[in-house]
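Visitor: Quick one, structure22.tsv (TSV, C-alpha atoms):
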```tsv
chain	number	residue	atom	x	y	z
A	82	MET	CA	2.76	3.36	14.81
A	83	GLY	CA	-0.20	5.72	14.77
A	84	LYS	CA	-0.41	5.92	18.58
A	85	ALA	CA	0.50	9.62	18.73
A	86	LEU	CA	-2.20	10.40	16.18
A	87	ALA	CA	-4.81	8.49	18.15
A	88	ASP	CA	-3.79	10.18	21.40
A	89	ALA	CA	-3.88	13.66	19.88
A	90	PHE	CA	-6.92	13.53	17.59
A	91	GLY	CA	-10.41	12.11	18.10
A	92	PRO	CA	-10.96	11.53	14.35
A	93	ALA	CA	-7.83	9.35	14.25
A	94	ARG	CA	-9.03	7.33	17.24
A	95	ALA	CA	-12.35	6.83	15.48
A	96	VAL	CA	-10.59	5.27	12.48
A	97	PHE	CA	-8.71	2.77	14.65
A	98	GLU	CA	-11.93	1.93	16.49
A	99	GLU	CA	-13.69	1.37	13.16
A	100	VAL	CA	-10.94	-1.00	12.03
A	101	ASP	CA	-11.11	-2.94	15.31
A	102	ALA	CA	-14.88	-3.27	14.98
A	103	ALA	CA	-14.66	-4.42	11.36
A	104	LEU	CA	-12.15	-7.14	12.22
A	105	GLY	CA	-13.89	-8.15	15.45
A	106	GLU	CA	-10.67	-7.86	17.44
A	107	LYS	CA	-8.33	-5.27	18.94
A	108	LEU	CA	-5.83	-4.88	16.12
A	109	THR	CA	-4.86	-1.57	17.75
A	110	ARG	CA	-3.53	-3.47	20.78
A	111	ILE	CA	-1.21	-5.43	18.49
A	112	ILE	CA	-0.15	-2.27	16.63
A	113	TRP	CA	0.72	-0.38	19.80
A	114	GLU	CA	1.71	-3.12	22.24
A	115	GLY	CA	2.99	-5.93	20.03
A	116	PRO	CA	4.49	-8.41	20.04
A	117	ALA	CA	6.32	-7.31	16.90
A	118	GLU	CA	6.26	-10.78	15.36
A	119	THR	CA	2.46	-10.81	15.56
A	120	LEU	CA	2.19	-7.39	13.95
A	121	MET	CA	4.55	-8.49	11.17
A	122	LEU	CA	2.20	-11.30	10.15
A	123	THR	CA	0.84	-10.28	6.76
A	124	GLU	CA	-2.77	-10.64	7.89
A	125	ASN	CA	-2.13	-8.02	10.61
A	126	ALA	CA	0.42	-5.79	8.91
A	127	GLN	CA	-1.77	-5.02	5.90
A	128	PRO	CA	-4.84	-3.70	7.76
A	129	ALA	CA	-2.57	-2.03	10.34
A	130	LEU	CA	-0.73	0.03	7.74
A	131	MET	CA	-4.04	0.99	6.16
A	132	ALA	CA	-5.43	2.06	9.54
A	133	VAL	CA	-2.51	4.41	10.15
A	134	SER	CA	-2.81	5.92	6.67
A	135	LEU	CA	-6.55	6.50	6.99
A	136	ALA	CA	-6.19	7.89	10.51
A	137	ALA	CA	-3.68	10.46	9.24
A	138	MET	CA	-5.90	11.22	6.25
A	139	ARG	CA	-8.95	11.74	8.48
A	140	VAL	CA	-6.98	14.23	10.60
A	141	LEU	CA	-5.82	16.09	7.50
A	142	GLU	CA	-9.45	16.40	6.44
A	143	THR	CA	-10.86	17.45	9.80
A	144	GLN	CA	-8.00	19.55	11.18
A	145	ALA	CA	-6.28	20.93	8.07
A	146	GLY	CA	-9.28	21.22	5.77
A	147	VAL	CA	-7.93	18.88	3.09
A	148	ASP	CA	-10.48	17.95	0.41
A	149	LEU	CA	-9.11	15.33	-1.98
A	150	ALA	CA	-11.67	16.12	-4.67
A	151	ARG	CA	-10.51	19.73	-4.63
A	152	ASP	CA	-6.85	19.45	-3.66
A	153	ALA	CA	-5.50	16.29	-5.34
A	154	ARG	CA	-5.00	15.38	-8.98
A	155	PHE	CA	-4.58	11.67	-8.28
A	156	VAL	CA	-4.23	9.21	-5.42
A	157	ALA	CA	-2.03	6.12	-5.55
A	158	GLY	CA	-0.67	3.50	-3.21
A	159	HIS	CA	2.17	1.00	-3.25
A	160	SER	CA	0.82	-2.57	-3.16
A	161	LEU	CA	-1.58	-2.77	-0.16
A	162	GLY	CA	-1.41	1.05	-0.13
A	163	GLU	CA	-3.64	1.03	-3.19
A	164	TYR	CA	-6.46	-0.09	-0.91
A	165	SER	CA	-5.68	2.80	1.44
A	166	ALA	CA	-5.77	5.19	-1.51
A	167	LEU	CA	-9.15	3.85	-2.60
A	168	ALA	CA	-10.55	4.21	0.92
A	169	ALA	CA	-9.18	7.75	1.20
A	170	ALA	CA	-10.89	8.62	-2.09
A	171	GLY	CA	-14.22	7.19	-0.94
A	172	ALA	CA	-14.30	4.15	-3.25
A	173	LEU	CA	-14.28	1.76	-0.28
A	174	THR	CA	-15.42	2.12	3.32
A	175	ILE	CA	-12.75	1.80	5.99
A	176	ALA	CA	-14.52	-1.27	7.38
A	177	ASP	CA	-14.60	-3.03	4.00
A	178	THR	CA	-10.97	-2.09	3.38
A	179	ALA	CA	-9.89	-3.58	6.70
A	180	ARG	CA	-11.74	-6.83	6.01
A	181	LEU	CA	-10.40	-7.05	2.45
A	182	LEU	CA	-6.83	-6.57	3.63
A	183	ARG	CA	-7.24	-9.21	6.32
A	184	ILE	CA	-8.44	-11.62	3.60
A	185	ARG	CA	-5.62	-10.49	1.28
A	186	GLY	CA	-2.96	-11.07	3.91
A	187	ARG	CA	-4.23	-14.52	4.82
A	188	ALA	CA	-4.69	-15.52	1.18
A	189	MET	CA	-1.18	-14.44	0.24
A	190	GLN	CA	0.31	-16.44	3.09
A	191	ALA	CA	-1.79	-19.51	2.27
A	192	ALA	CA	-0.83	-19.35	-1.40
A	193	VAL	CA	2.79	-20.19	-0.57
A	194	ALA	CA	1.99	-23.75	0.42
A	195	ALA	CA	-0.55	-24.17	-2.34
A	196	GLU	CA	1.74	-23.30	-5.21
A	197	ALA	CA	5.34	-23.80	-4.08
A	198	ALA	CA	5.69	-27.21	-5.72
A	199	GLN	CA	4.70	-26.11	-9.24
A	200	GLY	CA	8.07	-25.21	-10.68
A	201	GLN	CA	10.67	-22.53	-10.11
A	202	ILE	CA	9.39	-18.97	-10.45
A	203	CYS	CA	11.32	-15.72	-10.26
A	204	GLN	CA	9.82	-12.49	-11.58
A	205	ALA	CA	9.87	-8.75	-10.95
A	206	ALA	CA	7.48	-7.96	-8.11
A	207	ASN	CA	8.14	-4.25	-7.49
A	208	ASP	CA	9.72	-1.68	-9.79
A	209	ASN	CA	10.19	0.94	-7.09
A	210	GLY	CA	12.38	3.41	-8.96
A	211	GLY	CA	15.80	4.77	-8.14
A	212	GLY	CA	17.36	1.53	-9.31
A	213	GLN	CA	15.43	-0.50	-6.70
A	214	VAL	CA	13.76	-3.64	-8.06
A	215	VAL	CA	12.28	-6.44	-5.95
A	216	VAL	CA	12.03	-9.95	-7.39
A	217	SER	CA	9.72	-12.63	-6.05
A	218	GLY	CA	9.21	-16.36	-6.47
A	219	ASP	CA	10.55	-19.66	-5.19
A	220	LYS	CA	13.17	-19.06	-2.54
A	221	GLU	CA	15.91	-21.00	-4.36
A	222	ALA	CA	15.26	-19.09	-7.58
A	223	VAL	CA	15.32	-15.74	-5.78
A	224	GLU	CA	18.55	-16.71	-4.01
A	225	ARG	CA	20.08	-17.48	-7.42
A	226	ALA	CA	18.87	-14.10	-8.67
A	227	VAL	CA	20.60	-12.36	-5.77
A	228	GLY	CA	23.85	-14.10	-6.65
A	229	ILE	CA	23.56	-13.25	-10.34
A	230	ALA	CA	22.83	-9.61	-9.52
A	231	LYS	CA	25.99	-9.38	-7.45
A	232	GLU	CA	28.02	-11.03	-10.21
A	233	LYS	CA	26.62	-8.50	-12.70
A	234	GLY	CA	27.76	-5.59	-10.54
A	235	ALA	CA	24.64	-4.67	-8.55
A	236	ARG	CA	25.60	-2.28	-5.77
A	237	ARG	CA	23.40	-4.16	-3.32
A	238	ALA	CA	21.44	-7.40	-3.58
A	239	MET	CA	19.83	-9.07	-0.58
A	240	MET	CA	16.99	-11.32	0.55
A	241	LEU	CA	14.07	-9.48	2.14
A	242	PRO	CA	12.53	-10.68	5.45
A	243	VAL	CA	8.99	-11.18	4.15
A	244	SER	CA	6.59	-14.02	4.83
A	245	ALA	CA	5.46	-14.80	1.27
A	246	PRO	CA	6.52	-14.30	-2.39
A	247	PHE	CA	4.26	-11.34	-3.11
A	248	HIS	CA	3.33	-10.10	-6.60
A	249	CYS	CA	4.31	-13.13	-8.63
A	250	ALA	CA	2.61	-16.14	-10.21
A	251	LEU	CA	2.81	-18.09	-6.94
A	252	MET	CA	0.08	-15.76	-5.66
A	253	GLN	CA	-2.57	-16.96	-8.14
A	254	PRO	CA	-4.67	-18.64	-5.40
A	255	ALA	CA	-4.62	-15.34	-3.51
A	256	ALA	CA	-5.76	-13.50	-6.65
A	257	GLU	CA	-8.72	-15.85	-6.91
A	258	ALA	CA	-9.54	-15.30	-3.23
A	259	MET	CA	-9.46	-11.54	-3.71
A	260	ALA	CA	-11.71	-11.73	-6.77
A	261	ALA	CA	-14.28	-13.52	-4.63
A	262	ALA	CA	-13.87	-11.10	-1.71
A	263	LEU	CA	-14.10	-7.98	-3.88
A	264	ALA	CA	-17.31	-9.30	-5.42
A	265	THR	CA	-18.95	-8.99	-2.00
A	266	VAL	CA	-18.22	-5.28	-1.35
A	267	ALA	CA	-19.68	-2.10	-2.79
A	268	MET	CA	-16.99	-0.34	-4.81
A	269	LYS	CA	-17.86	3.29	-5.58
A	270	ARG	CA	-16.30	5.80	-7.94
A	271	PRO	CA	-13.42	7.52	-6.13
A	272	VAL	CA	-13.65	11.30	-5.74
A	273	VAL	CA	-10.28	11.52	-7.49
A	274	PRO	CA	-8.78	9.00	-9.96
A	275	VAL	CA	-6.58	6.23	-8.57
A	276	VAL	CA	-3.39	5.44	-10.48
A	277	ALA	CA	-3.43	1.64	-10.48
A	278	ASN	CA	-0.18	-0.21	-9.75
A	279	VAL	CA	-0.50	-2.70	-12.58
A	280	LEU	CA	-1.94	-0.35	-15.22
A	281	VAL	CA	0.09	2.83	-14.70
A	282	LYS	CA	-2.96	4.88	-15.54
A	283	PRO	CA	-5.83	6.45	-13.60
A	284	VAL	CA	-8.99	4.42	-13.08
A	285	SER	CA	-12.35	5.53	-11.70
A	286	ASP	CA	-14.91	2.99	-12.91
A	287	PRO	CA	-15.56	0.41	-10.15
A	288	PRO	CA	-15.28	-2.67	-12.43
A	289	ASP	CA	-11.90	-1.43	-13.70
A	290	ILE	CA	-10.70	-0.84	-10.13
A	291	VAL	CA	-11.68	-4.36	-9.10
A	292	ARG	CA	-9.94	-5.94	-12.08
A	293	ALA	CA	-6.77	-3.96	-11.32
A	294	LEU	CA	-6.79	-5.02	-7.66
A	295	VAL	CA	-7.11	-8.68	-8.61
A	296	ALA	CA	-4.33	-8.38	-11.21
A	297	GLN	CA	-2.13	-6.61	-8.68
A	298	VAL	CA	-1.86	-9.73	-6.50
A	299	THR	CA	0.22	-11.57	-9.12
A	300	GLY	CA	1.40	-8.55	-11.13
A	301	THR	CA	4.31	-6.16	-10.79
A	302	VAL	CA	3.89	-3.04	-8.65
A	303	ARG	CA	4.97	-0.52	-11.29
A	304	TRP	CA	5.65	2.28	-8.82
A	305	ARG	CA	8.42	3.97	-10.81
A	306	GLU	CA	6.18	4.25	-13.86
A	307	SER	CA	3.21	5.36	-11.77
A	308	VAL	CA	5.14	8.23	-10.22
A	309	ALA	CA	6.57	9.20	-13.60
A	310	PHE	CA	3.05	9.20	-15.06
A	311	MET	CA	1.75	11.53	-12.36
A	312	ALA	CA	4.73	13.84	-12.79
A	313	ALA	CA	4.17	13.95	-16.55
A	314	ALA	CA	0.55	14.93	-15.84
A	315	GLY	CA	1.77	17.95	-13.90
A	316	VAL	CA	2.09	16.69	-10.32
A	317	THR	CA	5.05	18.29	-8.56
A	318	THR	CA	4.29	17.52	-4.89
A	319	PHE	CA	3.59	14.02	-3.60
A	320	TYR	CA	2.21	13.49	-0.09
A	321	GLU	CA	2.90	10.15	1.58
A	322	VAL	CA	0.16	9.80	4.20
A	323	GLY	CA	0.71	7.14	6.85
A	324	ALA	CA	3.59	5.24	8.42
A	325	GLY	CA	7.10	5.71	7.07
A	326	LYS	CA	8.95	7.85	4.57
A	327	VAL	CA	10.17	5.34	2.00
A	328	LEU	CA	7.87	6.41	-0.84
A	329	SER	CA	8.68	10.10	-0.39
A	330	GLY	CA	12.34	9.26	-0.85
A	331	LEU	CA	11.63	7.15	-3.93
A	332	VAL	CA	9.59	9.97	-5.50
A	333	ARG	CA	12.55	12.32	-5.27
A	334	ARG	CA	14.79	9.70	-6.88
A	335	ILE	CA	12.34	8.98	-9.69
A	336	VAL	CA	11.48	12.55	-10.69
A	337	ASP	CA	14.06	15.35	-10.67
A	338	GLY	CA	12.73	18.31	-8.76
A	339	ALA	CA	9.72	16.50	-7.31
A	340	ARG	CA	8.77	17.26	-3.73
A	341	GLY	CA	8.01	14.27	-1.52
A	342	VAL	CA	6.38	15.00	1.85
A	343	SER	CA	5.58	12.36	4.47
A	344	ILE	CA	2.70	12.93	6.90
A	345	GLY	CA	2.24	10.44	9.70
A	346	THR	CA	2.61	12.20	13.06
A	347	PRO	CA	0.98	15.14	14.87
A	348	ASP	CA	4.09	17.21	14.13
A	349	ASP	CA	3.75	16.41	10.44
A	350	ILE	CA	0.09	17.52	10.56
A	351	ALA	CA	1.06	20.78	12.25
A	352	MET	CA	3.82	21.43	9.71
A	353	PHE	CA	1.41	20.74	6.85
A	354	GLY	CA	-1.05	23.23	8.31
A	355	LEU	CA	1.61	25.91	8.61
A	356	THR	CA	2.91	25.30	5.10
A	357	ASN	CA	-0.53	25.44	3.54
A	358	ALA	CA	-2.02	28.21	5.68
```
In C-alpha coordinates, write the structure found in this file.

Guide:
Amino acid sequence: MGKALADAFGPARAVFEEVDAALGEKLTRIIWEGPAETLMLTENAQPALMAVSLAAMRVLETQAGVDLARDARFVAGHSLGEYSALAAAGALTIADTARLLRIRGRAMQAAVAAEAAQGQICQAANDNGGGQVVVSGDKEAVERAVGIAKEKGARRAMMLPVSAPFHCALMQPAAEAMAAALATVAMKRPVVPVVANVLVKPVSDPPDIVRALVAQVTGTVRWRESVAFMAAAGVTTFYEVGAGKVLSGLVRRIVDGARGVSIGTPDDIAMFGLTNA
(Lines of atoms letter the chains of each structure in order from A and count residues from 1; the text may use other names and numbers.)
(Lines give C-alpha, C1' and ligand atoms only; values in the text may rest on other atoms or scores of the structure.)
Protein backbone atom coordinates (compact mmCIF):
# COMPACT_ATOMS: atom_id res chain seq x y z
CA MET A 1 0.00 0.00 0.00
CA GLY A 2 1.71 3.15 -1.23
CA LYS A 3 5.07 1.41 -1.78
CA ALA A 4 5.02 1.87 -5.56
CA LEU A 5 4.33 5.58 -5.12
CA ALA A 6 7.21 5.96 -2.69
CA ASP A 7 9.57 4.05 -4.97
CA ALA A 8 8.61 6.09 -8.04
CA PHE A 9 8.25 9.62 -6.66
CA GLY A 10 10.39 11.61 -4.23
CA PRO A 11 7.45 13.79 -3.09
CA ALA A 12 5.55 10.65 -2.06
CA ARG A 13 8.55 9.36 -0.10
CA ALA A 14 8.75 12.71 1.65
CA VAL A 15 5.16 12.35 2.87
CA PHE A 16 5.81 8.90 4.35
CA GLU A 17 8.99 10.20 6.00
CA GLU A 18 7.04 13.11 7.48
CA VAL A 19 4.45 10.73 8.92
CA ASP A 20 7.16 8.51 10.42
CA ALA A 21 8.83 11.54 12.01
CA ALA A 22 5.55 12.84 13.42
CA LEU A 23 4.75 9.50 15.05
CA GLY A 24 8.31 8.86 16.21
CA GLU A 25 8.35 5.40 14.65
CA LYS A 26 8.61 3.66 11.28
CA LEU A 27 4.93 3.28 10.41
CA THR A 28 6.08 2.80 6.81
CA ARG A 29 7.80 -0.45 7.80
CA ILE A 30 4.48 -1.76 9.14
CA ILE A 31 2.61 -0.56 6.03
CA TRP A 32 5.00 -2.24 3.62
CA GLU A 33 6.32 -5.21 5.58
CA GLY A 34 3.55 -6.03 8.04
CA PRO A 35 2.58 -8.05 9.88
CA ALA A 36 -0.96 -7.49 8.60
CA GLU A 37 -2.52 -7.82 12.05
CA THR A 38 -0.36 -4.95 13.30
CA LEU A 39 -1.30 -2.74 10.36
CA MET A 40 -4.99 -3.54 10.93
CA LEU A 41 -4.86 -2.12 14.46
CA THR A 42 -6.93 1.05 14.33
CA GLU A 43 -4.11 3.18 15.74
CA ASN A 44 -1.93 2.16 12.76
CA ALA A 45 -4.52 1.79 10.02
CA GLN A 46 -5.87 5.33 10.36
CA PRO A 47 -2.58 7.23 9.92
CA ALA A 48 -1.44 4.67 7.32
CA LEU A 49 -4.45 5.28 5.08
CA MET A 50 -3.97 9.02 5.45
CA ALA A 51 -0.29 8.73 4.52
CA VAL A 52 -1.11 6.91 1.28
CA SER A 53 -3.79 9.46 0.36
CA LEU A 54 -1.51 12.43 1.01
CA ALA A 55 1.40 10.79 -0.81
CA ALA A 56 -0.78 10.35 -3.89
CA MET A 57 -2.09 13.90 -3.54
CA ARG A 58 1.43 15.32 -3.28
CA VAL A 59 2.40 13.51 -6.50
CA LEU A 60 -0.68 14.83 -8.28
CA GLU A 61 0.34 18.34 -7.25
CA THR A 62 4.02 18.07 -8.15
CA GLN A 63 3.87 15.82 -11.22
CA ALA A 64 0.44 16.55 -12.73
CA GLY A 65 0.08 20.19 -11.75
CA VAL A 66 -3.09 19.72 -9.69
CA ASP A 67 -4.10 22.80 -7.68
CA LEU A 68 -7.06 22.07 -5.41
CA ALA A 69 -7.94 25.74 -5.00
CA ARG A 70 -8.22 26.03 -8.77
CA ASP A 71 -9.34 22.56 -9.82
CA ALA A 72 -11.73 21.29 -7.12
CA ARG A 73 -15.15 22.47 -6.01
CA PHE A 74 -15.08 20.52 -2.75
CA VAL A 75 -13.04 17.93 -0.89
CA ALA A 76 -14.55 15.23 1.30
CA GLY A 77 -13.48 12.06 3.04
CA HIS A 78 -15.21 9.00 4.45
CA SER A 79 -14.72 8.81 8.23
CA LEU A 80 -10.93 9.08 8.87
CA GLY A 81 -10.68 10.22 5.24
CA GLU A 82 -12.12 13.55 6.33
CA TYR A 83 -8.80 14.21 8.05
CA SER A 84 -6.97 13.36 4.82
CA ALA A 85 -9.24 15.77 2.95
CA LEU A 86 -8.50 18.53 5.44
CA ALA A 87 -4.76 17.94 5.16
CA ALA A 88 -4.95 17.92 1.36
CA ALA A 89 -6.77 21.25 1.48
CA GLY A 90 -4.17 22.79 3.79
CA ALA A 91 -6.34 23.01 6.93
CA LEU A 92 -4.02 20.66 8.82
CA THR A 93 -0.35 19.81 8.45
CA ILE A 94 0.50 16.23 7.58
CA ALA A 95 2.36 15.86 10.88
CA ASP A 96 -0.62 17.08 12.94
CA THR A 97 -2.96 14.86 10.93
CA ALA A 98 -0.83 11.79 11.59
CA ARG A 99 -0.71 12.50 15.33
CA LEU A 100 -4.45 13.21 15.49
CA LEU A 101 -5.28 9.95 13.73
CA ARG A 102 -3.00 7.99 16.05
CA ILE A 103 -4.87 9.53 19.00
CA ARG A 104 -8.23 8.90 17.28
CA GLY A 105 -7.43 5.25 16.65
CA ARG A 106 -6.28 4.60 20.20
CA ALA A 107 -9.20 6.51 21.70
CA MET A 108 -11.75 4.60 19.63
CA GLN A 109 -10.27 1.28 20.70
CA ALA A 110 -10.12 2.32 24.36
CA ALA A 111 -13.72 3.51 24.30
CA VAL A 112 -14.98 -0.05 23.81
CA ALA A 113 -14.01 -1.14 27.30
CA ALA A 114 -15.06 2.15 28.84
CA GLU A 115 -18.62 2.12 27.60
CA ALA A 116 -19.59 -1.46 26.75
CA ALA A 117 -21.44 -2.04 30.02
CA GLN A 118 -23.81 0.93 29.71
CA GLY A 119 -26.73 -0.67 27.92
CA GLN A 120 -27.39 -2.11 24.49
CA ILE A 121 -26.72 0.28 21.61
CA CYS A 122 -27.30 -0.22 17.90
CA GLN A 123 -27.37 2.73 15.52
CA ALA A 124 -26.56 3.63 11.92
CA ALA A 125 -22.84 4.31 11.65
CA ASN A 126 -22.35 4.72 7.89
CA ASP A 127 -24.92 5.54 5.22
CA ASN A 128 -22.67 4.67 2.30
CA GLY A 129 -25.20 4.75 -0.52
CA GLY A 130 -26.17 2.10 -3.02
CA GLY A 131 -28.24 0.38 -0.36
CA GLN A 132 -25.19 -0.14 1.88
CA VAL A 133 -25.72 0.80 5.53
CA VAL A 134 -23.38 -0.07 8.40
CA VAL A 135 -24.77 -0.32 11.93
CA SER A 136 -22.64 -0.10 15.06
CA GLY A 137 -23.04 -0.75 18.77
CA ASP A 138 -22.92 -3.58 21.28
CA LYS A 139 -21.99 -6.81 19.55
CA GLU A 140 -25.12 -8.68 20.68
CA ALA A 141 -27.36 -5.85 19.47
CA VAL A 142 -25.59 -5.70 16.10
CA GLU A 143 -25.86 -9.47 15.74
CA ARG A 144 -29.61 -9.18 16.35
CA ALA A 145 -29.77 -6.44 13.72
CA VAL A 146 -28.07 -8.70 11.19
CA GLY A 147 -30.66 -11.40 11.85
CA ILE A 148 -33.57 -8.98 11.56
CA ALA A 149 -32.20 -7.59 8.30
CA LYS A 150 -32.07 -11.07 6.81
CA GLU A 151 -35.61 -11.79 8.00
CA LYS A 152 -36.78 -8.55 6.37
CA GLY A 153 -35.31 -9.58 3.02
CA ALA A 154 -31.91 -7.84 2.97
CA ARG A 155 -29.86 -9.22 0.10
CA ARG A 156 -26.79 -9.40 2.30
CA ALA A 157 -26.25 -8.82 6.02
CA MET A 158 -23.00 -9.68 7.77
CA MET A 159 -20.74 -8.79 10.69
CA LEU A 160 -17.71 -6.69 9.74
CA PRO A 161 -14.20 -7.60 11.00
CA VAL A 162 -13.48 -4.31 12.79
CA SER A 163 -11.88 -3.74 16.16
CA ALA A 164 -14.38 -1.28 17.67
CA PRO A 165 -17.99 -0.04 17.27
CA PHE A 166 -17.19 3.11 15.32
CA HIS A 167 -19.55 6.06 14.85
CA CYS A 168 -22.05 5.31 17.60
CA ALA A 169 -22.74 6.45 21.16
CA LEU A 170 -20.23 3.94 22.55
CA MET A 171 -17.52 6.22 21.13
CA GLN A 172 -18.34 9.17 23.41
CA PRO A 173 -15.05 8.83 25.36
CA ALA A 174 -13.20 8.94 22.04
CA ALA A 175 -15.13 12.08 21.04
CA GLU A 176 -13.99 13.74 24.25
CA ALA A 177 -10.39 12.68 23.59
CA MET A 178 -10.54 14.13 20.09
CA ALA A 179 -11.97 17.42 21.36
CA ALA A 180 -8.96 17.72 23.64
CA ALA A 181 -6.50 16.72 20.91
CA LEU A 182 -7.96 19.08 18.30
CA ALA A 183 -7.70 21.94 20.77
CA THR A 184 -3.91 21.58 20.64
CA VAL A 185 -3.44 21.93 16.84
CA ALA A 186 -3.64 24.90 14.51
CA MET A 187 -6.62 24.42 12.20
CA LYS A 188 -6.53 26.73 9.17
CA ARG A 189 -9.14 27.57 6.57
CA PRO A 190 -8.97 24.96 3.80
CA VAL A 191 -8.21 26.22 0.30
CA VAL A 192 -11.44 24.54 -0.83
CA PRO A 193 -14.52 23.79 1.32
CA VAL A 194 -14.72 20.41 3.04
CA VAL A 195 -18.07 18.62 2.94
CA ALA A 196 -18.36 17.36 6.52
CA ASN A 197 -19.59 13.80 7.10
CA VAL A 198 -22.03 14.67 9.86
CA LEU A 199 -23.32 17.97 8.43
CA VAL A 200 -23.69 17.18 4.72
CA LYS A 201 -22.64 20.70 3.90
CA PRO A 202 -19.37 22.49 3.16
CA VAL A 203 -17.43 24.01 6.04
CA SER A 204 -14.42 26.32 5.95
CA ASP A 205 -14.31 28.10 9.31
CA PRO A 206 -11.84 26.31 11.63
CA PRO A 207 -14.17 26.22 14.69
CA ASP A 208 -16.92 24.64 12.55
CA ILE A 209 -14.47 22.06 11.20
CA VAL A 210 -13.36 21.10 14.71
CA ARG A 211 -16.93 20.73 15.95
CA ALA A 212 -17.78 18.52 12.96
CA LEU A 213 -14.75 16.29 13.55
CA VAL A 214 -15.69 15.79 17.19
CA ALA A 215 -19.32 15.05 16.29
CA GLN A 216 -18.18 12.62 13.62
CA VAL A 217 -16.73 10.22 16.21
CA THR A 218 -20.19 9.31 17.55
CA GLY A 219 -22.26 10.44 14.55
CA THR A 220 -23.30 8.80 11.31
CA VAL A 221 -21.02 9.07 8.29
CA ARG A 222 -23.61 10.44 5.87
CA TRP A 223 -21.65 9.58 2.74
CA ARG A 224 -24.64 9.00 0.46
CA GLU A 225 -26.04 12.43 1.29
CA SER A 226 -22.62 14.07 0.99
CA VAL A 227 -22.08 12.72 -2.51
CA ALA A 228 -25.62 13.68 -3.51
CA PHE A 229 -25.02 17.20 -2.18
CA MET A 230 -21.86 17.61 -4.24
CA ALA A 231 -23.59 16.27 -7.34
CA ALA A 232 -26.49 18.70 -6.84
CA ALA A 233 -23.91 21.50 -6.64
CA GLY A 234 -22.66 20.57 -10.09
CA VAL A 235 -19.89 18.04 -9.43
CA THR A 236 -19.81 15.34 -12.10
CA THR A 237 -16.37 13.78 -11.55
CA PHE A 238 -15.18 12.48 -8.17
CA TYR A 239 -11.53 11.57 -7.63
CA GLU A 240 -10.74 9.03 -4.91
CA VAL A 241 -7.12 9.71 -3.98
CA GLY A 242 -5.37 7.00 -1.96
CA ALA A 243 -5.70 3.29 -1.30
CA GLY A 244 -8.64 1.39 -2.76
CA LYS A 245 -11.56 1.95 -5.09
CA VAL A 246 -14.59 1.47 -2.84
CA LEU A 247 -15.70 5.11 -2.77
CA SER A 248 -15.44 5.48 -6.54
CA GLY A 249 -17.82 2.57 -6.91
CA LEU A 250 -20.23 4.01 -4.35
CA VAL A 251 -20.26 7.37 -6.14
CA ARG A 252 -21.42 5.72 -9.35
CA ARG A 253 -24.18 3.91 -7.45
CA ILE A 254 -25.34 7.04 -5.65
CA VAL A 255 -25.45 9.44 -8.60
CA ASP A 256 -26.56 8.35 -12.08
CA GLY A 257 -24.00 9.42 -14.63
CA ALA A 258 -21.34 10.42 -12.10
CA ARG A 259 -17.75 9.57 -12.91
CA GLY A 260 -15.71 8.02 -10.11
CA VAL A 261 -11.94 7.80 -10.63
CA SER A 262 -9.51 6.17 -8.19
CA ILE A 263 -5.90 7.38 -8.05
CA GLY A 264 -3.48 5.45 -5.89
CA THR A 265 -0.68 4.02 -8.04
CA PRO A 266 1.94 5.36 -10.46
CA ASP A 267 -0.14 4.00 -13.34
CA ASP A 268 -3.16 5.91 -12.06
CA ILE A 269 -1.06 9.09 -11.91
CA ALA A 270 0.14 8.57 -15.48
CA MET A 271 -3.41 7.93 -16.71
CA PHE A 272 -4.63 11.06 -14.94
CA GLY A 273 -1.90 13.09 -16.63
CA LEU A 274 -2.82 11.75 -20.06
CA THR A 275 -6.53 12.34 -19.52
CA ASN A 276 -6.04 15.90 -18.33
CA ALA A 277 -3.23 16.90 -20.68

Visitor: Work out how far CA of Ala166 (chain A) is from CA of Ala103 (chain A), in Å to one decimal.

Guide: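 Going from CA of Ala103 (chain A) over to CA of Ala166 (chain A), I get 18.4 Å.
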
Visitor: Which one of A:Arg334, A:Lys326, A:Lys84, A:Arg303 sits closest to His159 (chain A) if you count all atoms listed in the file?

Guide: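 Going through A:Arg334, A:Lys326, A:Lys84, A:Arg303 one by one, the smallest distance to His159 (chain A) is for A:Arg303.
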
Visitor: Using CA of Thr346 (chain A) and CA of Leu86 (chain A) as the two end points, give the distance in Å to one decimal.

Guide: 6.0 Å

Visitor: Record the distance separating CA of Pro288 (chain A) and CA of Thr318 (chain A), expressed in Å with one decimal.

Guide: 29.1 Å

Visitor: When you count all atoms listed in the file, which of these residues is closest to Met131 (chain A): A:Leu280, A:Ala238, A:Ala324, A:Ala157?

Guide: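 The shortest atom-to-atom distance to Met131 (chain A) comes from A:Ala324.
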
Visitor: At a cut-off of 6 Å, using only C-alpha atoms, what residues contact region 142-154 of chain A? Leave out same-chain residues fewer than 6 positions from it and give the result as a list in words.

Guide: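 Non-adjacent residues within range: Val272, Val273 and Gly354 of chain A.
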
Visitor: Starting from 4 Å padding per side, set up an axis-aligned box that covers all listed atoms of region 83-100 of chain A and hand over centre and edge lengths in Å, one decimal, as JSON.

Guide:
```
{"center_x": -6.6, "center_y": 6.3, "center_z": 16.7, "size_x": 22.2, "size_y": 22.7, "size_z": 17.4}
```

Visitor: Can you tell me which residues surround Glu257 (chain A) at a distance of at most 9 Å, considering only C-alpha atoms, apart from same-chain residues fewer than 5 positions away, and format the answer as a PyMOL selection string?

Guide: chain A and resi 252+262+295

Visitor: Between A:Ala339, A:Lys269, A:Pro92, A:Met138, single out the one closest to Gly315 (chain A), counting all atoms listed in the file.

Guide: A:Ala339

Visitor: Name all residues at most 12 Å from Val322 (chain A) (count only C-alpha atoms; drop same-chain ones fewer than 4 positions away) and give them as an NGL selection string.

Guide: :A and (83 or 130-142 or 156-159 or 162 or 165-166 or 169 or 326-329 or 341-347 or 349-350 or 353)
